[in-house]
Amino acid sequence: MKKTIVFLTSIFFCTTIALAQEKSLPNIDVKTLQGKTINIQDLENDGNPMVISFWATWCKPCKKELNTIAEVYDDWQEETGVKLIAISIDDTRSMSKVAPYVNSSDWDYEVYLDSNSDLKRAMGVSTVPHTFLINKEGKIVWNHKGYIDGDEEELYEQIQHLVTKQNEK
Amino acid sequence: MNKFSTLLQNKMKNRFLTFLFLISCCNLIAQNNGQITGDFSLNLQSYVEDAAINAAAADEVVLNNAFLNLTYSSNNFIIGLRYESYLNALLDYDSEFRGNGVPYRYAGYTIDGLEITAGNFYEQFGSGLIFRSYEEKGLGIDNAMDGIRLKYKIGKGISLKSFIGKSRTFFTYAEGIFRGIDAEIDINETFELENATKYILGGSFISRYEQRTNPKFIIPQNVAAYAGRLNILNGGWNYYGEFAYKINDPINSLQENQMNYASGSAFTNSLTYSQRGFGITAEIHRADNMLLLSERERTGKAYIMNYIPTLSKPHAYTLLAIYPCATQAMGELGVQLDIFYKIKKGTLLGGKYGTKLNFNFSRINGLEGGYSILNDNQNHTPALFDFSQELYYSDINIEINKKVNKNVRYNAVIANQTYNKDFLEGKTPGEYGVLNSTIAVLDLSYRIKKGHTIRFETQALFSKQLETASKEAEGDWLMVLAEYTISPNWFFAIQDMYNYGNENESKRLHYMNLNVGFLKGSTRFEIGYGKKREGIFCVGGVCKLVPSSNGLNLSITTSF
């Protein structure tokens, strides 16, 4: 029993130390809509922030979030240089609908497939949508679970905040 | 020195060593760019008895499902574990999930393009026709493998995967030992072709060993399945086809008259074209005697090791999903068509923001004469494209998504579904017959002011039995939902499902639910109270039967 307590306490301390750090993206492969394999750590945006958003074609709030952002995406890009990466967790049932949905929706996002949920697991995503903000060093600086109307405004405030902070440096 | 103090010293020494080890772990984490990520979820539910809806109370008063995932990664090294707690499992889970434990743990390393995993892993070959090991917490499915997996990238565009292991069932492992290998080659990348057309080829092989225990029959101890796949891409075009074959593998009931030595097969094909504002997907698939189990004499989801993707649209609205489609791996032939179109903004129908349309059609029938069967008394192989008149499922629907102005948007769906309840739910023919329902949904949201939105969902289902049936039908349903959200932290929802058309007047009941949620960053708390209808709940085309319930629910999820 004591051993377990010591063990759990130590795990807790280690976790606390590790949690205090800003996290990097994991070393995981995803696929492009063109069937090409790429590593998520190789994503970059010329030193500008990136948003990674997990979604699926069957997820209503996910589509609402990404459709809402799509309307203001041009402005966001112009003002902050941000790039949005949409990771679809559709499995083989609905994977073939991702490209037609994305194209017909006029999205300008980079879209990748994570059909075996490897990236989803590695980033601790239990439900979709889940959105991460990545700084130019590739570290996760903010993340948000779920989407309710208006959440995109908070996301944009975070992006602006990050850009201001990075410019000050 | 007496024995006791030696023991004590040893214990101290042990503890000191453990401590040292952990301290060095911490150091390693701090110095080596190592990091810990994970997530936690807790689901508590209390149940009260409700005779009207046939809901049972739990003896335990409160039931609990909880999970904690921890992953430590550093450069090329990764370890992970999941602690699971079922004290006791929620009523919609299999009662075999009982107690606490760490049923999922692994370590992995990547070097020179070789990725090694020891312990638990999830894997899928192609679209899963012959092998898929995955987890879906919502359904209580987790058939994680335990064993060794190697992934290797040989030069440009060629990747190999192989593994050996046993699959998880609840808190134990099934008898079958699986061996598998999968290869994929991107022709253009490997041969450095500059073609506009891109070809990706793949092949996989699975073998299962299970000891022969049945004294009466000489069952093969090693059985195999293999599959080949082809993906061709050109501009907006995308073709994907996969063909799978299973060598004779008698399963389930090993009795003389039911024994089946027939082989199994399956294929899935999809053709997609898309351009800006428009997309189309056409699919056809067929499965014949294509159930692959981790133990041959078992039944139940926990033992299924392959996946024939379901050929219907996964609906997100409650009444559209009351009669869901589930793949019949033993035999079915189905087609599906999806059209996505966005009416341009600035046009009459497009309005200021454009209008999005999605048309979807799917139809799934049985195979003529049933699935392949071969034994001393029977020998039947259905023809490749010969489908029977027995309809399993069909769905035709159209969805319109529109933003009217800055504050108003709506989503509307109209659908007509046919559902072979007797067949799909394993009832006696004639009990419920085939149901045809017309469903309409209007989902309207109105933004009151910055961050404040109110949303209404109105759904109606009109159902009729296509044949005379002996049992009373549930008939028509009505559902209304009102939801108020305050971004980024709060949501409040109230909903009522009313089975006003039940043929049994005493079952014309309301199913009322109240939910309050609080969200902050990556943490979400939700409290709900209400009644749930007995029914089939599906995720990704895999379904489970959920009992009716009445009670209070608390859920917490967070990730770090």
# chains A, B, ... in the order shown; residues from 1 in each chain; ligands from 1

call {"tool": "closest_atom_pairs", "arguments": {"of": "chain A", "to": "chain B", "cutoff": "6 Å", "atoms": "only C-alpha atoms", "output": "tab-separated table"}}
result
residue	atom	partner	partner_atom	distance
A:Cys14	CA	B:Cys26	CA	5.2
A:Ala18	CA	B:Gln35	CA	5.4
A:Thr92	CA	B:Ser127	CA	5.4
A:Arg93	CA	B:Pro309	CA	4.5
A:Pro100	CA	B:Gly279	CA	4.1
A:Asn103	CA	B:Arg276	CA	5.0
A:Ser104	CA	B:Gly277	CA	3.7
A:Ser105	CA	B:Gly277	CA	6.0
A:Asp106	CA	B:Arg276	CA	5.8
A:Gly124	CA	B:Gly38	CA	4.9
A:Asn143	CA	B:Gly521	CA	6.0
A:His144	CA	B:Gly521	CA	4.5
A:Lys145	CA	B:Ser522	CA	4.8
A:Gly150	CA	B:Gly451	CA	4.8
A:Asp151	CA	B:Pro488	CA	5.5

call {"tool": "select_by_dssp", "arguments": {"residues": "stretch 261-506 of chain B", "states": "strand (DSSP E or B)", "output": "number ranges by chain"}}
result
B: 264-275, 278-288, 293, 304, 331-343, 355-367, 373-374, 379-380, 387-403, 408-420, 434-449, 452-465, 477-486, 490-498

call {"tool": "residues_around", "arguments": {"residues": "B:Ala107", "least_positions_apart": "4", "cutoff": "9 Å", "atoms": "only C-alpha atoms", "output": "list in words"}}
result
Phe77, Ile78, Ile79, Gly80, Leu81, Ile116, Thr117, Ala118, Gly119 and Asn120 of chain B

call {"tool": "write_last_selection", "arguments": {"atoms": "N, CA and C atoms", "output": "PDB file, in the first residue's frame"}}
result
ATOM      1  N   PHE B  77      11.494   8.463 -27.851  1.00  0.00           N
ATOM      2  CA  PHE B  77      11.054   7.474 -26.882  1.00  0.00           C
ATOM      3  C   PHE B  77       9.665   7.830 -26.355  1.00  0.00           C
ATOM      4  N   ILE B  78       8.837   6.815 -26.151  1.00  0.00           N
ATOM      5  CA  ILE B  78       7.487   7.092 -25.643  1.00  0.00           C
ATOM      6  C   ILE B  78       7.018   5.957 -24.725  1.00  0.00           C
ATOM      7  N   ILE B  79       6.417   6.316 -23.598  1.00  0.00           N
ATOM      8  CA  ILE B  79       5.745   5.301 -22.790  1.00  0.00           C
ATOM      9  C   ILE B  79       4.363   5.833 -22.419  1.00  0.00           C
ATOM     10  N   GLY B  80       3.435   4.939 -22.248  1.00  0.00           N
ATOM     11  CA  GLY B  80       2.091   5.394 -21.914  1.00  0.00           C
ATOM     12  C   GLY B  80       1.330   4.344 -21.145  1.00  0.00           C
ATOM     13  N   LEU B  81       0.340   4.798 -20.396  1.00  0.00           N
ATOM     14  CA  LEU B  81      -0.517   3.864 -19.689  1.00  0.00           C
ATOM     15  C   LEU B  81      -1.909   4.455 -19.514  1.00  0.00           C
ATOM     16  N   ILE B 116       9.392   0.750 -32.857  1.00  0.00           N
ATOM     17  CA  ILE B 116       9.134  -0.474 -32.085  1.00  0.00           C
ATOM     18  C   ILE B 116       8.135  -0.155 -30.980  1.00  0.00           C
ATOM     19  N   THR B 117       7.099  -0.952 -30.859  1.00  0.00           N
ATOM     20  CA  THR B 117       6.163  -0.795 -29.747  1.00  0.00           C
ATOM     21  C   THR B 117       6.065  -2.125 -29.014  1.00  0.00           C
ATOM     22  N   ALA B 118       6.238  -2.085 -27.706  1.00  0.00           N
ATOM     23  CA  ALA B 118       6.054  -3.286 -26.897  1.00  0.00           C
ATOM     24  C   ALA B 118       4.952  -2.999 -25.904  1.00  0.00           C
ATOM     25  N   GLY B 119       4.012  -3.918 -25.782  1.00  0.00           N
ATOM     26  CA  GLY B 119       2.886  -3.692 -24.890  1.00  0.00           C
ATOM     27  C   GLY B 119       1.621  -3.504 -25.696  1.00  0.00           C
ATOM     28  N   ASN B 120       0.784  -2.567 -25.258  1.00  0.00           N
ATOM     29  CA  ASN B 120      -0.496  -2.376 -25.949  1.00  0.00           C
ATOM     30  C   ASN B 120      -0.387  -1.409 -27.115  1.00  0.00           C
TER      31      ASN B 120
END

call {"tool": "residues_around", "arguments": {"residues": "A:Leu66", "least_positions_apart": "3", "cutoff": "9 Å", "atoms": "only C-alpha atoms", "output": "MDAnalysis selection string"}}
result
chainID A and resid 53 55 61:63 69:71 86 107

call {"tool": "residues_around", "arguments": {"residues": "A:Met50", "least_positions_apart": "4", "cutoff": "10 Å", "atoms": "only C-alpha atoms", "output": "PyMOL selection string"}}
result
chain A and resi 43-46+81-85+132-136+138-140+159

call {"tool": "select_by_dssp", "arguments": {"residues": "chain A", "states": "helix (DSSP H, G or I)", "output": "ChimeraX atom specification"}}
result
/A:2-20,40-42,60-80,95-104,118-122,151-168

call {"tool": "write_last_selection", "arguments": {"atoms": "C-alpha atoms", "output": "mmCIF file, in the first residue's frame"}}
result
data_model
loop_
_atom_site.group_PDB
_atom_site.id
_atom_site.type_symbol
_atom_site.label_atom_id
_atom_site.label_comp_id
_atom_site.auth_asym_id
_atom_site.auth_seq_id
_atom_site.Cartn_x
_atom_site.Cartn_y
_atom_site.Cartn_z
ATOM 1 C CA LYS A 2 2.773 2.407 1.094
ATOM 2 C CA LYS A 3 4.729 1.564 -2.022
ATOM 3 C CA THR A 4 1.737 2.490 -4.121
ATOM 4 C CA ILE A 5 1.419 5.799 -2.303
ATOM 5 C CA VAL A 6 5.135 6.571 -2.748
ATOM 6 C CA PHE A 7 4.871 5.588 -6.391
ATOM 7 C CA LEU A 8 1.759 7.679 -7.033
ATOM 8 C CA THR A 9 3.183 10.688 -5.155
ATOM 9 C CA SER A 10 6.366 10.484 -7.218
ATOM 10 C CA ILE A 11 4.372 10.226 -10.423
ATOM 11 C CA PHE A 12 2.446 13.245 -9.245
ATOM 12 C CA PHE A 13 5.650 15.253 -8.655
ATOM 13 C CA CYS A 14 7.171 14.211 -11.949
ATOM 14 C CA THR A 15 3.932 15.092 -13.663
ATOM 15 C CA THR A 16 3.892 18.482 -11.985
ATOM 16 C CA ILE A 17 7.446 19.192 -13.161
ATOM 17 C CA ALA A 18 6.635 17.970 -16.646
ATOM 18 C CA LEU A 19 3.341 19.842 -16.728
ATOM 19 C CA ALA A 20 5.032 23.115 -15.925
ATOM 20 C CA ILE A 40 2.994 16.575 -37.437
ATOM 21 C CA GLN A 41 6.290 17.980 -36.089
ATOM 22 C CA ASP A 42 7.225 19.053 -39.631
ATOM 23 C CA LYS A 60 -21.952 19.321 -35.544
ATOM 24 C CA PRO A 61 -20.123 21.711 -33.194
ATOM 25 C CA CYS A 62 -16.819 21.007 -35.021
ATOM 26 C CA LYS A 63 -18.312 21.979 -38.359
ATOM 27 C CA LYS A 64 -19.957 25.018 -36.795
ATOM 28 C CA GLU A 65 -16.602 26.129 -35.387
ATOM 29 C CA LEU A 66 -14.680 25.644 -38.625
ATOM 30 C CA ASN A 67 -17.418 27.180 -40.783
ATOM 31 C CA THR A 68 -17.592 30.205 -38.498
ATOM 32 C CA ILE A 69 -13.827 30.693 -38.583
ATOM 33 C CA ALA A 70 -13.836 30.228 -42.370
ATOM 34 C CA GLU A 71 -15.881 33.448 -42.681
ATOM 35 C CA VAL A 72 -13.235 35.499 -40.879
ATOM 36 C CA TYR A 73 -10.178 33.450 -41.794
ATOM 37 C CA ASP A 74 -8.933 35.931 -44.417
ATOM 38 C CA ASP A 75 -8.953 38.726 -41.845
ATOM 39 C CA TRP A 76 -7.261 36.553 -39.233
ATOM 40 C CA GLN A 77 -4.509 35.602 -41.650
ATOM 41 C CA GLU A 78 -3.971 39.156 -42.759
ATOM 42 C CA GLU A 79 -3.763 40.499 -39.228
ATOM 43 C CA THR A 80 -1.795 37.758 -37.493
ATOM 44 C CA MET A 95 -13.068 9.327 -44.463
ATOM 45 C CA SER A 96 -14.101 9.433 -48.129
ATOM 46 C CA LYS A 97 -16.420 12.356 -47.313
ATOM 47 C CA VAL A 98 -13.716 14.576 -45.859
ATOM 48 C CA ALA A 99 -12.335 15.944 -49.152
ATOM 49 C CA PRO A 100 -15.746 16.627 -50.742
ATOM 50 C CA TYR A 101 -16.974 18.278 -47.544
ATOM 51 C CA VAL A 102 -13.858 20.432 -47.165
ATOM 52 C CA ASN A 103 -13.774 21.495 -50.812
ATOM 53 C CA SER A 104 -17.487 22.150 -51.090
ATOM 54 C CA ASP A 118 -2.921 8.103 -33.209
ATOM 55 C CA LEU A 119 -2.507 11.868 -33.001
ATOM 56 C CA LYS A 120 -5.783 12.236 -31.130
ATOM 57 C CA ARG A 121 -4.524 9.884 -28.412
ATOM 58 C CA ALA A 122 -1.041 11.407 -28.309
ATOM 59 C CA ASP A 151 -15.671 30.644 -28.744
ATOM 60 C CA GLU A 152 -13.881 31.689 -31.922
ATOM 61 C CA GLU A 153 -13.604 35.203 -30.456
ATOM 62 C CA GLU A 154 -11.705 33.891 -27.449
ATOM 63 C CA LEU A 155 -9.454 31.896 -29.763
ATOM 64 C CA TYR A 156 -8.710 34.994 -31.783
ATOM 65 C CA GLU A 157 -7.908 36.990 -28.648
ATOM 66 C CA GLN A 158 -5.425 34.276 -27.723
ATOM 67 C CA ILE A 159 -3.850 34.405 -31.191
ATOM 68 C CA GLN A 160 -3.534 38.205 -31.007
ATOM 69 C CA HIS A 161 -2.100 37.955 -27.514
ATOM 70 C CA LEU A 162 0.490 35.449 -28.747
ATOM 71 C CA VAL A 163 1.470 37.601 -31.713
ATOM 72 C CA THR A 164 1.897 40.677 -29.509
ATOM 73 C CA LYS A 165 4.021 38.689 -27.050
ATOM 74 C CA GLN A 166 6.227 37.274 -29.794
ATOM 75 C CA ASN A 167 6.730 40.706 -31.380
ATOM 76 C CA GLU A 168 7.838 42.131 -28.036
#

call {"tool": "atom_distance", "arguments": {"atom1": "atom CA of B:Phe462", "atom2": "atom CA of B:Leu442"}}
result
15.1 Å

call {"tool": "residues_around", "arguments": {"residues": "B:Gly528", "least_positions_apart": "4", "cutoff": "9 Å", "atoms": "only C-alpha atoms", "output": "ChimeraX atom specification"}}
result
/B:513-517,551-555

call {"tool": "closest_residue", "arguments": {"among": "B:Leu68, B:Ile130, B:Ala174, B:Ile187", "to": "B:Gly101", "atoms": "only C-alpha atoms"}}
result
B:Leu68

call {"tool": "residues_around", "arguments": {"residues": "B:Lys352", "least_positions_apart": "6", "cutoff": "12 Å", "atoms": "only C-alpha atoms", "output": "PDB file with N, CA and C atoms, in the first residue's frame"}}
result
ATOM      1  N   GLU A  71     -15.362  32.146 -42.248  1.00  0.00           N
ATOM      2  CA  GLU A  71     -15.881  33.448 -42.681  1.00  0.00           C
ATOM      3  C   GLU A  71     -14.927  34.594 -42.361  1.00  0.00           C
TER       4      GLU A  71
ATOM      5  N   ILE B 343     -24.244  26.809 -52.514  1.00  0.00           N
ATOM      6  CA  ILE B 343     -24.794  27.835 -53.392  1.00  0.00           C
ATOM      7  C   ILE B 343     -24.037  29.130 -53.091  1.00  0.00           C
ATOM      8  N   LYS B 344     -23.502  29.724 -54.147  1.00  0.00           N
ATOM      9  CA  LYS B 344     -22.605  30.873 -53.972  1.00  0.00           C
ATOM     10  C   LYS B 344     -23.261  32.027 -53.240  1.00  0.00           C
ATOM     11  N   LYS B 345     -22.442  32.764 -52.502  1.00  0.00           N
ATOM     12  CA  LYS B 345     -23.003  33.937 -51.836  1.00  0.00           C
ATOM     13  C   LYS B 345     -23.304  35.009 -52.869  1.00  0.00           C
ATOM     14  N   GLY B 346     -24.285  35.834 -52.516  1.00  0.00           N
ATOM     15  CA  GLY B 346     -24.652  36.907 -53.437  1.00  0.00           C
ATOM     16  C   GLY B 346     -25.693  36.482 -54.456  1.00  0.00           C
ATOM     17  N   LYS B 402     -27.407  27.070 -43.331  1.00  0.00           N
ATOM     18  CA  LYS B 402     -27.406  28.452 -43.806  1.00  0.00           C
ATOM     19  C   LYS B 402     -27.224  29.461 -42.690  1.00  0.00           C
ATOM     20  N   LYS B 403     -26.406  30.450 -42.995  1.00  0.00           N
ATOM     21  CA  LYS B 403     -26.298  31.595 -42.108  1.00  0.00           C
ATOM     22  C   LYS B 403     -27.142  32.686 -42.740  1.00  0.00           C
ATOM     23  N   VAL B 404     -28.189  33.113 -42.036  1.00  0.00           N
ATOM     24  CA  VAL B 404     -29.140  34.070 -42.615  1.00  0.00           C
ATOM     25  C   VAL B 404     -28.592  35.489 -42.513  1.00  0.00           C
ATOM     26  N   ASN B 405     -28.189  35.850 -41.305  1.00  0.00           N
ATOM     27  CA  ASN B 405     -27.523  37.139 -41.124  1.00  0.00           C
ATOM     28  C   ASN B 405     -26.522  36.997 -39.987  1.00  0.00           C
ATOM     29  N   LYS B 406     -26.032  38.117 -39.491  1.00  0.00           N
ATOM     30  CA  LYS B 406     -24.980  38.079 -38.478  1.00  0.00           C
ATOM     31  C   LYS B 406     -25.391  37.267 -37.253  1.00  0.00           C
ATOM     32  N   ARG B 409     -28.579  31.578 -37.709  1.00  0.00           N
ATOM     33  CA  ARG B 409     -28.198  30.514 -38.634  1.00  0.00           C
ATOM     34  C   ARG B 409     -29.055  29.285 -38.365  1.00  0.00           C
TER      35      ARG B 409
END

call {"tool": "closest_residue", "arguments": {"among": "B:Leu139, B:Ser46, B:Val223, B:Ala52", "to": "B:Ser506", "atoms": "only C-alpha atoms"}}
result
B:Ala52

call {"tool": "closest_residue", "arguments": {"among": "B:Phe170, B:Tyr432, B:Tyr303, B:Tyr109", "to": "A:Asn27", "atoms": "only C-alpha atoms"}}
result
B:Tyr109

call {"tool": "atom_distance", "arguments": {"atom1": "atom CA of B:Val62", "atom2": "atom CA of B:Leu90"}}
result
8.8 Å

call {"tool": "closest_residue", "arguments": {"among": "A:Thr37, A:Trp58, A:Leu25, A:Glu110", "to": "A:Asp90", "atoms": "only C-alpha atoms"}}
result
A:Trp58

call {"tool": "decode", "arguments": {"residues": "stretch 81-141 of chain A", "atoms": "C-alpha atoms", "output": "PDB file, in the first residue's frame"}}
result
ATOM      1  CA  GLY A  81      -0.399  35.420 -40.167  1.00  0.00           C
ATOM      2  CA  VAL A  82      -2.097  32.504 -38.385  1.00  0.00           C
ATOM      3  CA  LYS A  83      -2.592  29.188 -40.165  1.00  0.00           C
ATOM      4  CA  LEU A  84      -5.339  26.727 -39.252  1.00  0.00           C
ATOM      5  CA  ILE A  85      -4.720  23.008 -39.483  1.00  0.00           C
ATOM      6  CA  ALA A  86      -7.830  20.859 -39.360  1.00  0.00           C
ATOM      7  CA  ILE A  87      -7.203  17.266 -38.258  1.00  0.00           C
ATOM      8  CA  SER A  88     -10.066  14.978 -39.217  1.00  0.00           C
ATOM      9  CA  ILE A  89     -10.559  11.979 -36.951  1.00  0.00           C
ATOM     10  CA  ASP A  90     -13.093  10.413 -39.349  1.00  0.00           C
ATOM     11  CA  ASP A  91     -12.507   6.679 -39.532  1.00  0.00           C
ATOM     12  CA  THR A  92     -12.832   4.655 -42.717  1.00  0.00           C
ATOM     13  CA  ARG A  93     -16.621   4.934 -42.578  1.00  0.00           C
ATOM     14  CA  SER A  94     -16.646   8.653 -43.337  1.00  0.00           C
ATOM     15  CA  MET A  95     -13.068   9.327 -44.463  1.00  0.00           C
ATOM     16  CA  SER A  96     -14.101   9.433 -48.129  1.00  0.00           C
ATOM     17  CA  LYS A  97     -16.420  12.356 -47.313  1.00  0.00           C
ATOM     18  CA  VAL A  98     -13.716  14.576 -45.859  1.00  0.00           C
ATOM     19  CA  ALA A  99     -12.335  15.944 -49.152  1.00  0.00           C
ATOM     20  CA  PRO A 100     -15.746  16.627 -50.742  1.00  0.00           C
ATOM     21  CA  TYR A 101     -16.974  18.278 -47.544  1.00  0.00           C
ATOM     22  CA  VAL A 102     -13.858  20.432 -47.165  1.00  0.00           C
ATOM     23  CA  ASN A 103     -13.774  21.495 -50.812  1.00  0.00           C
ATOM     24  CA  SER A 104     -17.487  22.150 -51.090  1.00  0.00           C
ATOM     25  CA  SER A 105     -17.314  24.251 -47.923  1.00  0.00           C
ATOM     26  CA  ASP A 106     -14.688  26.548 -49.427  1.00  0.00           C
ATOM     27  CA  TRP A 107     -12.262  26.028 -46.562  1.00  0.00           C
ATOM     28  CA  ASP A 108      -8.742  27.345 -46.954  1.00  0.00           C
ATOM     29  CA  TYR A 109      -7.375  25.241 -44.117  1.00  0.00           C
ATOM     30  CA  GLU A 110      -4.688  22.591 -44.303  1.00  0.00           C
ATOM     31  CA  VAL A 111      -6.558  19.340 -43.705  1.00  0.00           C
ATOM     32  CA  TYR A 112      -5.037  16.049 -42.511  1.00  0.00           C
ATOM     33  CA  LEU A 113      -6.469  12.618 -41.740  1.00  0.00           C
ATOM     34  CA  ASP A 114      -5.859  10.849 -38.433  1.00  0.00           C
ATOM     35  CA  SER A 115      -8.022   7.824 -39.165  1.00  0.00           C
ATOM     36  CA  ASN A 116      -6.402   5.523 -36.597  1.00  0.00           C
ATOM     37  CA  SER A 117      -6.679   8.296 -33.927  1.00  0.00           C
ATOM     38  CA  ASP A 118      -2.921   8.103 -33.209  1.00  0.00           C
ATOM     39  CA  LEU A 119      -2.507  11.868 -33.001  1.00  0.00           C
ATOM     40  CA  LYS A 120      -5.783  12.236 -31.130  1.00  0.00           C
ATOM     41  CA  ARG A 121      -4.524   9.884 -28.412  1.00  0.00           C
ATOM     42  CA  ALA A 122      -1.041  11.407 -28.309  1.00  0.00           C
ATOM     43  CA  MET A 123      -2.465  14.894 -27.750  1.00  0.00           C
ATOM     44  CA  GLY A 124      -4.912  13.806 -25.053  1.00  0.00           C
ATOM     45  CA  VAL A 125      -7.985  14.612 -27.128  1.00  0.00           C
ATOM     46  CA  SER A 126     -10.909  12.672 -25.688  1.00  0.00           C
ATOM     47  CA  THR A 127     -13.735  14.455 -27.517  1.00  0.00           C
ATOM     48  CA  VAL A 128     -13.998  16.675 -30.572  1.00  0.00           C
ATOM     49  CA  PRO A 129     -13.785  19.567 -31.233  1.00  0.00           C
ATOM     50  CA  HIS A 130     -10.542  20.311 -29.442  1.00  0.00           C
ATOM     51  CA  THR A 131      -8.434  23.274 -30.480  1.00  0.00           C
ATOM     52  CA  PHE A 132      -4.748  23.970 -29.800  1.00  0.00           C
ATOM     53  CA  LEU A 133      -2.731  27.152 -30.332  1.00  0.00           C
ATOM     54  CA  ILE A 134       0.915  26.623 -31.307  1.00  0.00           C
ATOM     55  CA  ASN A 135       3.635  29.296 -31.096  1.00  0.00           C
ATOM     56  CA  LYS A 136       6.576  29.719 -33.470  1.00  0.00           C
ATOM     57  CA  GLU A 137       8.760  27.375 -31.401  1.00  0.00           C
ATOM     58  CA  GLY A 138       6.169  24.685 -32.007  1.00  0.00           C
ATOM     59  CA  LYS A 139       4.954  24.703 -28.389  1.00  0.00           C
ATOM     60  CA  ILE A 140       1.323  24.411 -27.339  1.00  0.00           C
ATOM     61  CA  VAL A 141       0.467  27.644 -25.553  1.00  0.00           C
TER      62      VAL A 141
END
